[in-house]
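This is input_29.txt (compact mmCIF, C-alpha atoms).
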```txt
# COMPACT_ATOMS: atom_id res chain seq x y z
CA MET A 1 0.00 0.00 0.00
CA ILE A 2 1.56 3.28 -1.12
CA ILE A 3 -0.45 5.65 1.10
CA ASN A 4 -0.76 4.48 4.70
CA SER A 5 -1.89 7.70 6.33
CA LEU A 6 -4.21 10.56 5.37
CA LEU A 7 -1.51 12.86 6.77
CA ASP A 8 0.72 11.84 3.84
CA THR A 9 -0.17 15.04 2.01
CA ASP A 10 0.74 18.72 1.97
CA LEU A 11 -0.16 21.00 4.87
CA TYR A 12 -1.97 23.48 2.65
CA LYS A 13 -4.63 20.87 1.95
CA PHE A 14 -5.66 21.05 5.60
CA THR A 15 -5.41 24.83 5.88
CA MET A 16 -7.60 25.24 2.79
CA MET A 17 -9.96 22.47 3.94
CA GLN A 18 -10.61 24.32 7.19
CA VAL A 19 -11.58 27.44 5.21
CA VAL A 20 -13.93 25.30 3.10
CA LEU A 21 -15.56 23.81 6.21
CA HIS A 22 -16.19 27.19 7.78
CA HIS A 23 -17.10 29.29 4.73
CA PHE A 24 -17.90 27.13 1.69
CA PRO A 25 -19.20 23.78 3.01
CA ALA A 26 -21.78 23.26 0.23
CA THR A 27 -19.43 23.98 -2.69
CA HIS A 28 -19.24 21.34 -5.44
CA VAL A 29 -16.05 21.03 -7.53
CA GLU A 30 -14.45 19.06 -10.35
CA TYR A 31 -10.75 18.20 -10.75
CA ARG A 32 -8.96 16.77 -13.76
CA PHE A 33 -5.63 14.93 -14.10
CA ARG A 34 -3.05 15.74 -16.77
CA CYS A 35 0.34 14.25 -17.61
CA ARG A 36 2.48 16.88 -19.35
CA THR A 37 5.41 14.52 -20.01
CA PRO A 38 5.49 13.41 -23.68
CA LYS A 39 5.78 9.72 -24.68
CA VAL A 40 4.70 8.41 -21.28
CA ASP A 41 2.03 5.72 -21.31
CA LEU A 42 0.14 5.32 -18.04
CA VAL A 43 -2.66 3.17 -19.46
CA PRO A 44 -0.98 -0.21 -18.62
CA TYR A 45 -0.90 0.79 -14.94
CA ILE A 46 -4.49 2.04 -14.55
CA ASP A 47 -5.66 -1.07 -12.68
CA GLU A 48 -2.80 -0.76 -10.18
CA ILE A 49 -3.53 2.92 -9.69
CA ARG A 50 -7.20 2.13 -9.16
CA ASP A 51 -6.38 -0.53 -6.56
CA GLU A 52 -4.15 1.86 -4.63
CA VAL A 53 -6.82 4.57 -4.68
CA ARG A 54 -9.37 2.05 -3.41
CA GLN A 55 -7.11 1.37 -0.42
CA LEU A 56 -6.62 5.12 0.07
CA CYS A 57 -10.39 5.47 0.39
CA ASN A 58 -10.42 2.98 3.26
CA LEU A 59 -8.14 5.12 5.44
CA ARG A 60 -9.31 7.08 8.48
CA PHE A 61 -7.38 9.51 10.64
CA LYS A 62 -5.77 7.85 13.65
CA GLU A 63 -6.19 9.39 17.08
CA GLU A 64 -2.50 10.32 17.33
CA GLU A 65 -2.74 12.05 13.94
CA LEU A 66 -5.72 14.09 15.06
CA GLU A 67 -3.91 15.04 18.25
CA TYR A 68 -0.92 16.21 16.21
CA LEU A 69 -3.17 18.43 14.07
CA ARG A 70 -4.99 19.65 17.17
CA ARG A 71 -1.72 21.05 18.56
CA MET A 72 -1.27 23.36 15.56
CA ARG A 73 -2.11 26.90 16.64
CA PHE A 74 -4.26 27.64 13.57
CA ILE A 75 -6.33 24.42 13.54
CA LYS A 76 -9.73 24.72 15.23
CA SER A 77 -11.45 22.09 17.32
CA ASP A 78 -14.54 21.68 15.12
CA PHE A 79 -12.29 20.93 12.15
CA ILE A 80 -10.62 18.14 14.13
CA ASP A 81 -14.08 16.81 15.00
CA PHE A 82 -14.92 16.74 11.30
CA LEU A 83 -11.66 14.97 10.39
CA ALA A 84 -12.38 12.31 13.03
CA LEU A 85 -15.37 11.29 10.89
CA PHE A 86 -13.72 11.86 7.50
CA ARG A 87 -13.14 9.31 4.77
CA LEU A 88 -12.49 9.77 1.05
CA ASN A 89 -15.38 8.50 -1.08
CA GLU A 90 -14.34 6.16 -3.90
CA LYS A 91 -17.49 7.14 -5.81
CA SER A 92 -16.08 10.66 -6.23
CA ILE A 93 -13.09 9.57 -8.34
CA ARG A 94 -13.18 7.98 -11.80
CA ILE A 95 -10.03 6.34 -13.19
CA SER A 96 -10.23 5.06 -16.77
CA PRO A 97 -7.75 3.86 -19.44
CA SER A 98 -8.11 6.47 -22.15
CA PRO A 99 -5.12 6.12 -24.55
CA LYS A 100 -5.90 9.51 -26.12
CA ASN A 101 -5.46 11.31 -22.80
CA ASN A 102 -2.82 8.96 -21.35
CA GLY A 103 -5.31 7.68 -18.82
CA GLU A 104 -8.06 9.76 -17.25
CA ILE A 105 -8.60 10.66 -13.61
CA ASP A 106 -11.59 12.83 -12.81
CA ILE A 107 -12.70 13.85 -9.32
CA LYS A 108 -16.16 15.28 -8.69
CA GLY A 109 -18.06 16.00 -5.50
CA PRO A 110 -18.34 18.36 -2.54
CA TRP A 111 -15.13 20.36 -2.18
CA LEU A 112 -14.99 19.53 1.51
CA HIS A 113 -15.00 15.80 0.73
CA THR A 114 -12.71 15.76 -2.34
CA ILE A 115 -9.96 18.25 -1.48
CA LEU A 116 -7.70 15.57 0.04
CA PHE A 117 -7.58 13.43 -3.12
CA GLU A 118 -5.03 15.43 -5.14
CA ILE A 119 -1.69 14.92 -3.42
CA PRO A 120 -1.94 11.19 -2.52
CA VAL A 121 -3.37 10.33 -5.95
CA LEU A 122 -0.44 12.06 -7.67
CA ALA A 123 1.99 10.25 -5.35
CA ILE A 124 0.27 6.96 -6.24
CA VAL A 125 0.52 7.59 -9.99
CA ASN A 126 4.23 8.38 -9.64
CA GLU A 127 5.10 5.38 -7.54
CA VAL A 128 3.06 2.90 -9.60
CA TYR A 129 4.68 4.19 -12.79
CA PHE A 130 8.25 4.06 -11.49
CA ARG A 131 7.98 0.72 -9.73
CA ASN A 132 6.90 -0.76 -13.07
CA THR A 133 9.40 1.04 -15.31
CA GLN A 134 12.41 1.09 -12.94
CA ARG A 135 12.30 -2.24 -11.12
CA LYS A 136 15.86 -1.84 -9.79
CA PRO A 137 16.08 1.83 -8.85
CA GLU A 138 19.45 3.56 -8.88
CA TYR A 139 19.16 4.75 -5.31
CA GLU A 140 22.91 5.18 -5.01
CA THR A 141 22.82 7.63 -7.92
CA GLY A 142 20.15 9.55 -6.05
CA ARG A 143 22.20 9.51 -2.85
CA GLU A 144 25.27 10.85 -4.66
CA ARG A 145 23.24 13.64 -6.23
CA LEU A 146 21.69 14.47 -2.87
CA ARG A 147 25.16 14.63 -1.26
CA GLU A 148 26.28 17.10 -3.93
CA LYS A 149 23.26 19.32 -3.30
CA ILE A 150 23.89 19.30 0.42
CA LYS A 151 27.55 20.12 -0.18
CA LEU A 152 26.57 23.12 -2.32
CA LEU A 153 24.36 24.44 0.47
CA ALA A 154 26.34 23.53 3.56
CA THR A 155 29.99 24.04 2.66
CA PRO A 156 30.43 27.77 1.84
CA PRO A 157 30.03 29.86 5.03
CA GLU A 158 28.24 32.62 3.10
CA TYR A 159 25.26 30.26 2.59
CA SER A 160 24.94 29.31 6.26
CA ASP A 161 21.55 31.02 6.64
CA CYS A 162 20.18 29.83 3.28
CA LYS A 163 17.36 27.41 4.17
CA ILE A 164 15.42 25.00 2.00
CA ALA A 165 12.26 22.98 2.61
CA ASP A 166 10.93 19.78 1.07
CA TYR A 167 7.92 20.36 -1.21
CA GLY A 168 8.20 17.07 -3.08
CA THR A 169 5.31 14.80 -2.07
CA ARG A 170 3.25 14.96 -5.25
CA ARG A 171 6.07 14.02 -7.63
CA ARG A 172 8.24 11.80 -5.48
CA PHE A 173 9.87 8.70 -6.93
CA SER A 174 8.55 6.62 -4.03
CA LYS A 175 7.58 7.14 -0.42
CA GLN A 176 10.68 5.14 0.63
CA TRP A 177 12.96 7.54 -1.24
CA HIS A 178 11.03 10.57 -0.03
CA GLU A 179 11.54 9.60 3.60
CA GLU A 180 15.24 8.91 3.04
CA VAL A 181 15.66 12.35 1.46
CA VAL A 182 13.87 14.04 4.36
CA LEU A 183 15.95 12.22 6.97
CA THR A 184 19.21 12.93 5.12
CA LEU A 185 18.41 16.64 4.86
CA LYS A 186 17.51 16.78 8.55
CA GLU A 187 20.75 15.06 9.56
CA ARG A 188 23.18 16.81 7.20
CA LEU A 189 21.72 20.32 6.95
CA GLY A 190 20.51 20.88 10.50
CA ALA A 191 19.02 24.36 10.81
CA GLN A 192 19.36 24.90 7.06
CA PHE A 193 16.56 22.40 6.56
CA ALA A 194 13.48 24.50 7.31
CA GLY A 195 10.93 21.67 7.24
CA THR A 196 8.57 19.86 4.90
CA SER A 197 5.17 20.38 3.34
CA ASN A 198 4.40 16.72 4.12
CA VAL A 199 2.40 16.54 7.35
CA PHE A 200 3.07 12.84 7.98
CA TYR A 201 6.85 13.17 7.83
CA ALA A 202 6.71 16.39 9.85
CA MET A 203 4.88 14.50 12.62
CA LYS A 204 7.04 11.36 12.39
CA HIS A 205 10.41 13.11 12.35
CA GLY A 206 9.82 16.23 14.43
CA LEU A 207 9.99 18.69 11.53
CA ARG A 208 8.13 21.92 10.92
CA PRO A 209 5.13 21.46 8.57
CA LEU A 210 4.92 24.23 5.97
CA GLY A 211 2.18 25.58 3.72
CA THR A 212 -0.71 28.03 3.41
CA MET A 213 -2.82 28.19 0.22
CA ALA A 214 -2.73 26.62 -3.26
CA HIS A 215 -4.11 27.61 -6.66
CA GLU A 216 -7.39 25.74 -6.24
CA TYR A 217 -8.43 28.05 -3.41
CA LEU A 218 -8.14 31.24 -5.46
CA GLN A 219 -9.55 29.48 -8.54
CA ALA A 220 -12.66 28.44 -6.61
CA CYS A 221 -13.14 32.05 -5.55
CA GLN A 222 -13.88 32.84 -9.23
CA ALA A 223 -17.21 31.08 -8.68
CA LEU A 224 -17.70 31.92 -5.01
CA GLY A 225 -16.98 35.65 -4.84
CA PRO A 226 -19.40 38.52 -5.50
CA ARG A 227 -17.92 39.24 -8.95
CA LEU A 228 -15.13 37.77 -11.06
CA ARG A 229 -12.95 40.88 -11.14
CA ASP A 230 -12.73 40.88 -7.33
CA SER A 231 -12.27 37.12 -6.90
CA GLN A 232 -8.60 37.39 -5.91
CA ILE A 233 -9.37 40.12 -3.40
CA PHE A 234 -12.28 38.05 -2.08
CA GLY A 235 -9.96 35.04 -1.65
CA PHE A 236 -7.41 37.02 0.37
CA GLU A 237 -10.12 38.61 2.52
CA MET A 238 -11.76 35.26 3.33
CA TRP A 239 -8.34 33.83 4.19
CA ALA A 240 -7.71 36.71 6.57
CA LYS A 241 -11.18 36.27 8.06
CA GLU A 242 -10.39 32.63 8.86
CA TYR A 243 -6.80 32.99 10.09
CA ARG A 244 -6.73 36.56 11.43
CA GLY A 245 -3.19 37.27 10.24
CA ASP A 246 -1.78 33.76 10.69
CA LEU A 247 -0.61 31.66 7.72
CA GLY A 248 0.09 34.89 5.87
CA ILE A 249 1.78 33.82 2.63
CA ALA A 250 -0.28 34.83 -0.41
CA LEU A 251 -0.05 32.91 -3.69
CA SER A 252 0.76 35.33 -6.49
CA ASP A 253 0.38 33.59 -9.83
CA VAL A 254 -3.25 32.58 -10.39
CA TYR A 255 -3.69 35.59 -12.72
CA GLY A 256 -0.07 36.56 -13.24
CA MET A 257 2.08 39.03 -11.37
CA LYS A 258 0.59 42.20 -12.86
CA ALA A 259 -2.92 41.30 -11.72
CA PHE A 260 -1.63 40.14 -8.34
CA LEU A 261 0.13 43.43 -7.62
CA ARG A 262 -2.95 45.38 -8.70
CA ASP A 263 -5.05 43.54 -6.09
CA PHE A 264 -2.38 43.18 -3.39
CA ASP A 265 -2.78 46.73 -2.13
CA MET A 266 -1.34 48.44 0.95
CA TYR A 267 -3.83 46.67 3.23
CA PHE A 268 -2.77 43.21 2.05
CA CYS A 269 0.90 44.22 1.93
CA LYS A 270 0.73 45.03 5.63
CA LEU A 271 -1.60 42.20 6.63
CA PHE A 272 0.15 39.28 4.91
CA ASP A 273 3.63 38.10 5.88
CA GLY A 274 4.73 37.67 2.27
CA ALA A 275 3.99 35.97 -1.03
CA ARG A 276 4.90 32.78 -2.91
CA HIS A 277 6.31 32.54 -6.42
CA ASP A 278 5.23 29.56 -8.54
CA SER A 279 5.58 30.55 -12.21
CA GLY A 280 7.45 32.95 -14.49
CA ASP A 281 10.90 34.48 -14.01
CA PRO A 282 11.66 34.33 -10.25
CA PHE A 283 14.24 37.12 -10.39
CA ASP A 284 11.85 39.52 -12.10
CA TRP A 285 9.10 38.47 -9.67
CA GLY A 286 11.28 39.21 -6.66
CA GLU A 287 12.36 42.62 -7.93
CA ARG A 288 8.78 43.62 -8.73
CA LEU A 289 7.46 42.47 -5.35
CA ILE A 290 10.18 44.28 -3.39
CA ARG A 291 9.49 47.45 -5.36
CA HIS A 292 5.76 47.02 -4.73
CA TYR A 293 6.32 46.74 -0.97
CA GLU A 294 8.42 49.91 -1.00
CA GLU A 295 5.75 51.78 -2.98
CA ASN A 296 3.18 50.68 -0.39
CA ARG A 297 5.21 51.89 2.60
CA CYS A 298 6.25 48.40 3.74
CA ASP A 299 9.82 47.52 4.54
CA PRO A 300 10.54 44.47 2.31
CA ARG A 301 13.15 43.31 4.84
CA THR A 302 10.22 42.38 7.11
CA LYS A 303 8.46 40.36 4.39
CA ILE A 304 8.96 36.76 3.26
CA LEU A 305 9.49 35.89 -0.39
CA VAL A 306 8.84 32.17 -0.93
CA PHE A 307 10.25 30.61 -4.11
CA SER A 308 8.83 27.22 -5.10
CA ASP A 309 8.76 26.89 -8.90
CA ALA A 310 10.90 24.06 -10.36
CA LEU A 311 13.85 24.89 -8.12
CA ASP A 312 17.19 23.13 -7.99
CA ILE A 313 19.98 24.02 -5.59
CA PRO A 314 22.04 26.17 -8.02
CA LYS A 315 18.95 28.29 -8.71
CA VAL A 316 18.24 28.51 -4.97
CA LEU A 317 21.74 29.88 -4.43
CA GLN A 318 21.39 32.37 -7.30
CA LEU A 319 18.14 33.67 -5.84
CA TYR A 320 19.68 33.79 -2.38
CA GLN A 321 22.62 35.85 -3.66
CA ARG A 322 20.28 38.27 -5.46
CA PHE A 323 17.81 38.89 -2.62
CA ARG A 324 19.56 38.19 0.70
CA GLY A 325 19.47 41.18 3.02
CA ARG A 326 16.69 42.77 0.97
CA CYS A 327 13.87 40.56 2.31
CA GLN A 328 13.33 37.34 4.22
CA LEU A 329 13.75 34.27 2.03
CA ALA A 330 12.25 30.80 1.87
CA PHE A 331 12.82 28.09 -0.73
CA GLY A 332 10.60 25.08 -1.35
CA VAL A 333 12.30 22.42 -3.48
CA GLY A 334 10.18 19.59 -4.84
CA THR A 335 10.94 17.24 -7.72
CA ASN A 336 14.67 18.00 -7.71
CA LEU A 337 14.90 16.56 -4.20
CA THR A 338 12.40 13.69 -4.22
CA ASN A 339 12.68 12.46 -7.81
CA ASP A 340 16.27 12.94 -8.99
CA LEU A 341 17.64 9.44 -9.50
CA GLY A 342 18.56 9.81 -13.16
CA TYR A 343 15.12 9.12 -14.62
CA GLN A 344 12.82 11.64 -16.28
CA PRO A 345 10.30 12.76 -13.64
CA LEU A 346 6.63 12.80 -14.56
CA GLN A 347 5.13 16.25 -14.97
CA ILE A 348 1.68 15.39 -13.64
CA VAL A 349 -0.97 17.62 -12.12
CA ILE A 350 -4.51 17.45 -10.83
CA LYS A 351 -6.23 20.83 -11.21
CA MET A 352 -9.65 22.17 -10.33
CA VAL A 353 -11.53 22.86 -13.57
CA ARG A 354 -15.06 23.63 -12.30
CA CYS A 355 -16.63 25.04 -9.15
CA ASN A 356 -20.40 24.96 -8.63
CA GLY A 357 -20.76 24.08 -12.31
CA GLN A 358 -18.78 27.12 -13.49
CA PRO A 359 -15.40 26.86 -15.27
CA VAL A 360 -12.43 28.06 -13.24
CA ALA A 361 -8.86 28.55 -14.42
CA LYS A 362 -5.36 29.65 -13.60
CA LEU A 363 -3.65 32.24 -15.83
CA SER A 364 -0.07 32.06 -14.59
CA ASP A 365 3.09 33.68 -15.91
CA SER A 366 4.04 30.25 -17.34
CA PRO A 367 1.36 29.59 -20.02
CA GLY A 368 2.12 25.85 -20.10
CA LYS A 369 0.72 25.61 -16.57
CA ASN A 370 -2.71 26.90 -17.56
CA MET A 371 -5.43 24.24 -17.55
CA CYS A 372 -9.02 24.90 -18.63
CA ASP A 373 -11.29 23.11 -21.10
CA ASP A 374 -13.45 26.17 -21.80
CA ARG A 375 -11.72 28.51 -24.25
CA ALA A 376 -14.52 31.06 -24.08
CA TYR A 377 -14.13 31.31 -20.30
CA LEU A 378 -10.34 31.65 -20.63
CA ALA A 379 -10.82 34.53 -23.07
CA TYR A 380 -13.32 36.19 -20.72
CA LEU A 381 -10.98 35.75 -17.75
CA ARG A 382 -8.16 37.37 -19.69
CA GLN A 383 -10.41 40.26 -20.62
CA VAL A 384 -11.59 40.80 -17.03
CA PHE A 385 -8.03 40.80 -15.62
CA GLY A 386 -6.43 42.60 -18.59
CA ILE A 387 -4.12 39.72 -19.52
CA GLU A 388 -2.89 39.30 -23.10
CA GLN A 389 -3.33 35.90 -24.75
CA PRO A 390 0.04 34.15 -25.35
CA ALA A 391 0.85 33.35 -28.97
CA ASP A 392 1.11 29.61 -28.23
CA GLU A 393 -2.52 29.54 -26.98
CA SER A 394 -4.07 31.35 -29.91
```
Is it possible to give me this structure as structure tokens?
Amino acid sequence: MIINSLLDTDLYKFTMMQVVLHHFPATHVEYRFRCRTPKVDLVPYIDEIRDEVRQLCNLRFKEEELEYLRRMRFIKSDFIDFLALFRLNEKSIRISPSPKNNGEIDIKGPWLHTILFEIPVLAIVNEVYFRNTQRKPEYETGRERLREKIKLLATPPEYSDCKIADYGTRRRFSKQWHEEVVLTLKERLGAQFAGTSNVFYAMKHGLRPLGTMAHEYLQACQALGPRLRDSQIFGFEMWAKEYRGDLGIALSDVYGMKAFLRDFDMYFCKLFDGARHDSGDPFDWGERLIRHYEENRCDPRTKILVFSDALDIPKVLQLYQRFRGRCQLAFGVGTNLTNDLGYQPLQIVIKMVRCNGQPVAKLSDSPGKNMCDDRAYLAYLRQVFGIEQPADES
């Protein structure tokens, strides 16, 4: 069994789920799976994936897991009471062998009851694929590469306060390798290892769990807010209503950086602790955000810039050299830590595509990350937020 605990997911799934429970409990959503990696055939493994998901749907939260969540300062008691009764419903997920689409995975149902599918299902797809295609994994190659990354971070004294975190659950090679990576980073990097987005490994190994919001939250607000143009503002305000200043890292790339800065006014600049980068040029993003803070009478040195888009250690160090001393820095490294054994990682995603029957979409600064099956809605969204259509989507 690949997933043995419902905590084997990213923290932001729980932080968003609590918002859904308290503010949007009747919301209905649809998610869709996509594999962006060319020449990868997942169809032969659909039955295995289905069997693993069936076992996932039999899991319940253990009492010690609920107690761990209960000790988090931002988790409320009624949410724990809900999780004590929670179980994923197998009827909400459809897995079918469609050769045209490289296998189909669709998730439909109440947002509150489907939000925890994404991360473990992606981890299942990865591990099923790699255990069939790489039956004798080159773990020693992975260990050597991991040692080199640690050496880059830990050896020069000028990088002593450069910290990284593990964000690699969804695209890990296997849970065995993921845990080895986490333990190695904890042992070799010490304080330079800031923690992990994975709640299970945070609990098991005494690490700090990390995460706030993901794209699906702000996408859903397109259907839940009073009007589309204010959906990003509505999302930030509802987040602040729930957490009252805690968990204050705003996601910046659902509509691109220009639209984010337009909505992230002086109030949000002062209220939120910082922002997270997840698409586009990270250096340009950092410069623009620092300038925006200065223009809004906020000292950027008091704000956190979180970088999490396709990072490797050399890029982490380049970003650290550019921005250290000008702001507070955080780096979340995913695939390059948990799936770097010499094989091509799968670029797989599960994205929300509808909310309450209405199309929703992400318009990031990396057009290849956009995912919506309604071209008319995409065009309307671009018009509302003043975003030009990329040439490769015309």
Quick one, how far is atom CA of Leu305 of chain A from atom CA of Lys362 of chain A?
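If I compute the distance from atom CA of Leu305 of chain A to atom CA of Lys362 of chain A, I get 20.8 Å.
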Per-residue nearest contacts of segment 59-102 of chain A to segment 8-32 of chain A (9 Å; all atoms listed in the file) as JSON lines:
```
{"residue": "A:Phe74", "atom": "CA", "partner": "A:Thr15", "partner_atom": "CA", "distance": 8.3}
{"residue": "A:Ile75", "atom": "CA", "partner": "A:Gln18", "partner_atom": "CA", "distance": 7.7}
{"residue": "A:Lys76", "atom": "CA", "partner": "A:Gln18", "partner_atom": "CA", "distance": 8.1}
{"residue": "A:Phe79", "atom": "CA", "partner": "A:Gln18", "partner_atom": "CA", "distance": 6.2}
{"residue": "A:Phe82", "atom": "CA", "partner": "A:Leu21", "partner_atom": "CA", "distance": 8.7}
```
Fewer than 5 positions away in the same chain doesn't count, so skip those; otherwise give me all residues within 12 Å of Ile119 of chain A, counting all atoms listed in the file, as a ChimeraX atom specification.
/A:3,6-14,33,53,56,114,124-126,167-172,197-199,214,348-351
Shell of 12 Å around Gly190 of chain A, all atoms listed in the file, local chain residues under 3 positions omitted, as a ChimeraX atom specification
/A:150,153-154,160-165,182-187,193-195,207
Take the point (7.3, 33.3, 4.5) as written in the file and pick out every residue within 8 Å of it, counting only C-alpha atoms; give the list as a list in words.
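Taken together, the residues in range are Gly248, Ile249, Asp273, Gly274, Ala275, Arg276, Lys303, Ile304, Leu305, Val306, Gln328, Leu329 and Ala330 of chain A.
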Nearest to Thr155 of chain A among A:Gln192, A:Asn4, A:Ser279, A:Gln134, with distances taken over only C-alpha atoms: which residue is it?
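Smallest distance to Thr155 of chain A is found for A:Gln192.
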Please list as a list in words every residue within 12 Å of Ala240 of chain A, counting all atoms listed in the file and excluding residues in the same chain fewer than 3 positions away.
Val19, Phe74, Thr212, Met213, Ile233, Phe234, Gly235, Phe236, Glu237, Tyr243, Arg244, Gly245, Asp246, Leu247, Gly248, Ile249, Ala250, Tyr267, Phe268, Lys270, Leu271, Phe272 and Asp273 of chain A
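Atom pair atom CA of Val181 of chain A / atom CA of Ile105 of chain A: separated by 28.6 Å.
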Provide the atom CA of Asp340 of chain A to atom CA of Leu317 of chain A distance in Å, to one decimal place.
18.4 Å
Which residue of A:Arg54, A:Arg291, A:His113, A:Lys204 approaches Arg326 of chain A most closely, using all atoms listed in the file
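Looking at the shortest contact to Arg326 of chain A, the residue is A:Arg291.
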Near segment 375-388 of chain A, within 9 Å and counting all atoms listed in the file, which residues show up once chain neighbours fewer than 3 positions away are dropped, as a short mmCIF file (atom, residue, chain, number, x, y, z; two decimals) with C-alpha atoms, in the frame of the given file?
```cif
data_model
loop_
_atom_site.label_atom_id
_atom_site.label_comp_id
_atom_site.auth_asym_id
_atom_site.auth_seq_id
_atom_site.Cartn_x
_atom_site.Cartn_y
_atom_site.Cartn_z
CA LEU A 228 -15.13 37.77 -11.06
CA ARG A 229 -12.95 40.88 -11.14
CA TYR A 255 -3.69 35.59 -12.72
CA GLY A 256 -0.07 36.56 -13.24
CA LYS A 258 0.59 42.20 -12.86
CA ALA A 259 -2.92 41.30 -11.72
CA PRO A 359 -15.40 26.86 -15.27
CA VAL A 360 -12.43 28.06 -13.24
CA ALA A 361 -8.86 28.55 -14.42
CA LYS A 362 -5.36 29.65 -13.60
CA LEU A 363 -3.65 32.24 -15.83
CA CYS A 372 -9.02 24.90 -18.63
#
```
Which of A:Ile2, A:Cys35, A:Leu42, A:Leu66 sits closest to Pro120 of chain A [using only C-alpha atoms]
A:Ile2
A:Gly206, A:Val353, A:Leu341, A:Ala310 ranked by distance to Glu144 of chain A, top pick (using all atoms listed in the file):
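Closest to Glu144 of chain A, using all atoms listed in the file: A:Leu341.
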For Val333 of chain A, list every protein, DNA or RNA residue within 9 Å, evaluated using all atoms listed in the file, and leave out those in the same chain fewer than 2 positions away; present the list as a compact mmCIF listing (two decimals) with C-alpha atoms, in the coordinates of the input.
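Output file around18.txt is given in full below:
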```txt
# COMPACT_ATOMS: atom_id res chain seq x y z
CA ILE A 164 15.42 25.00 2.00
CA ALA A 165 12.26 22.98 2.61
CA ASP A 166 10.93 19.78 1.07
CA TYR A 167 7.92 20.36 -1.21
CA GLY A 168 8.20 17.07 -3.08
CA PHE A 307 10.25 30.61 -4.11
CA SER A 308 8.83 27.22 -5.10
CA ASP A 309 8.76 26.89 -8.90
CA ALA A 310 10.90 24.06 -10.36
CA LEU A 311 13.85 24.89 -8.12
CA ASP A 312 17.19 23.13 -7.99
CA ILE A 313 19.98 24.02 -5.59
CA VAL A 316 18.24 28.51 -4.97
CA PHE A 331 12.82 28.09 -0.73
CA THR A 335 10.94 17.24 -7.72
CA ASN A 336 14.67 18.00 -7.71
CA LEU A 337 14.90 16.56 -4.20
CA THR A 338 12.40 13.69 -4.22
```
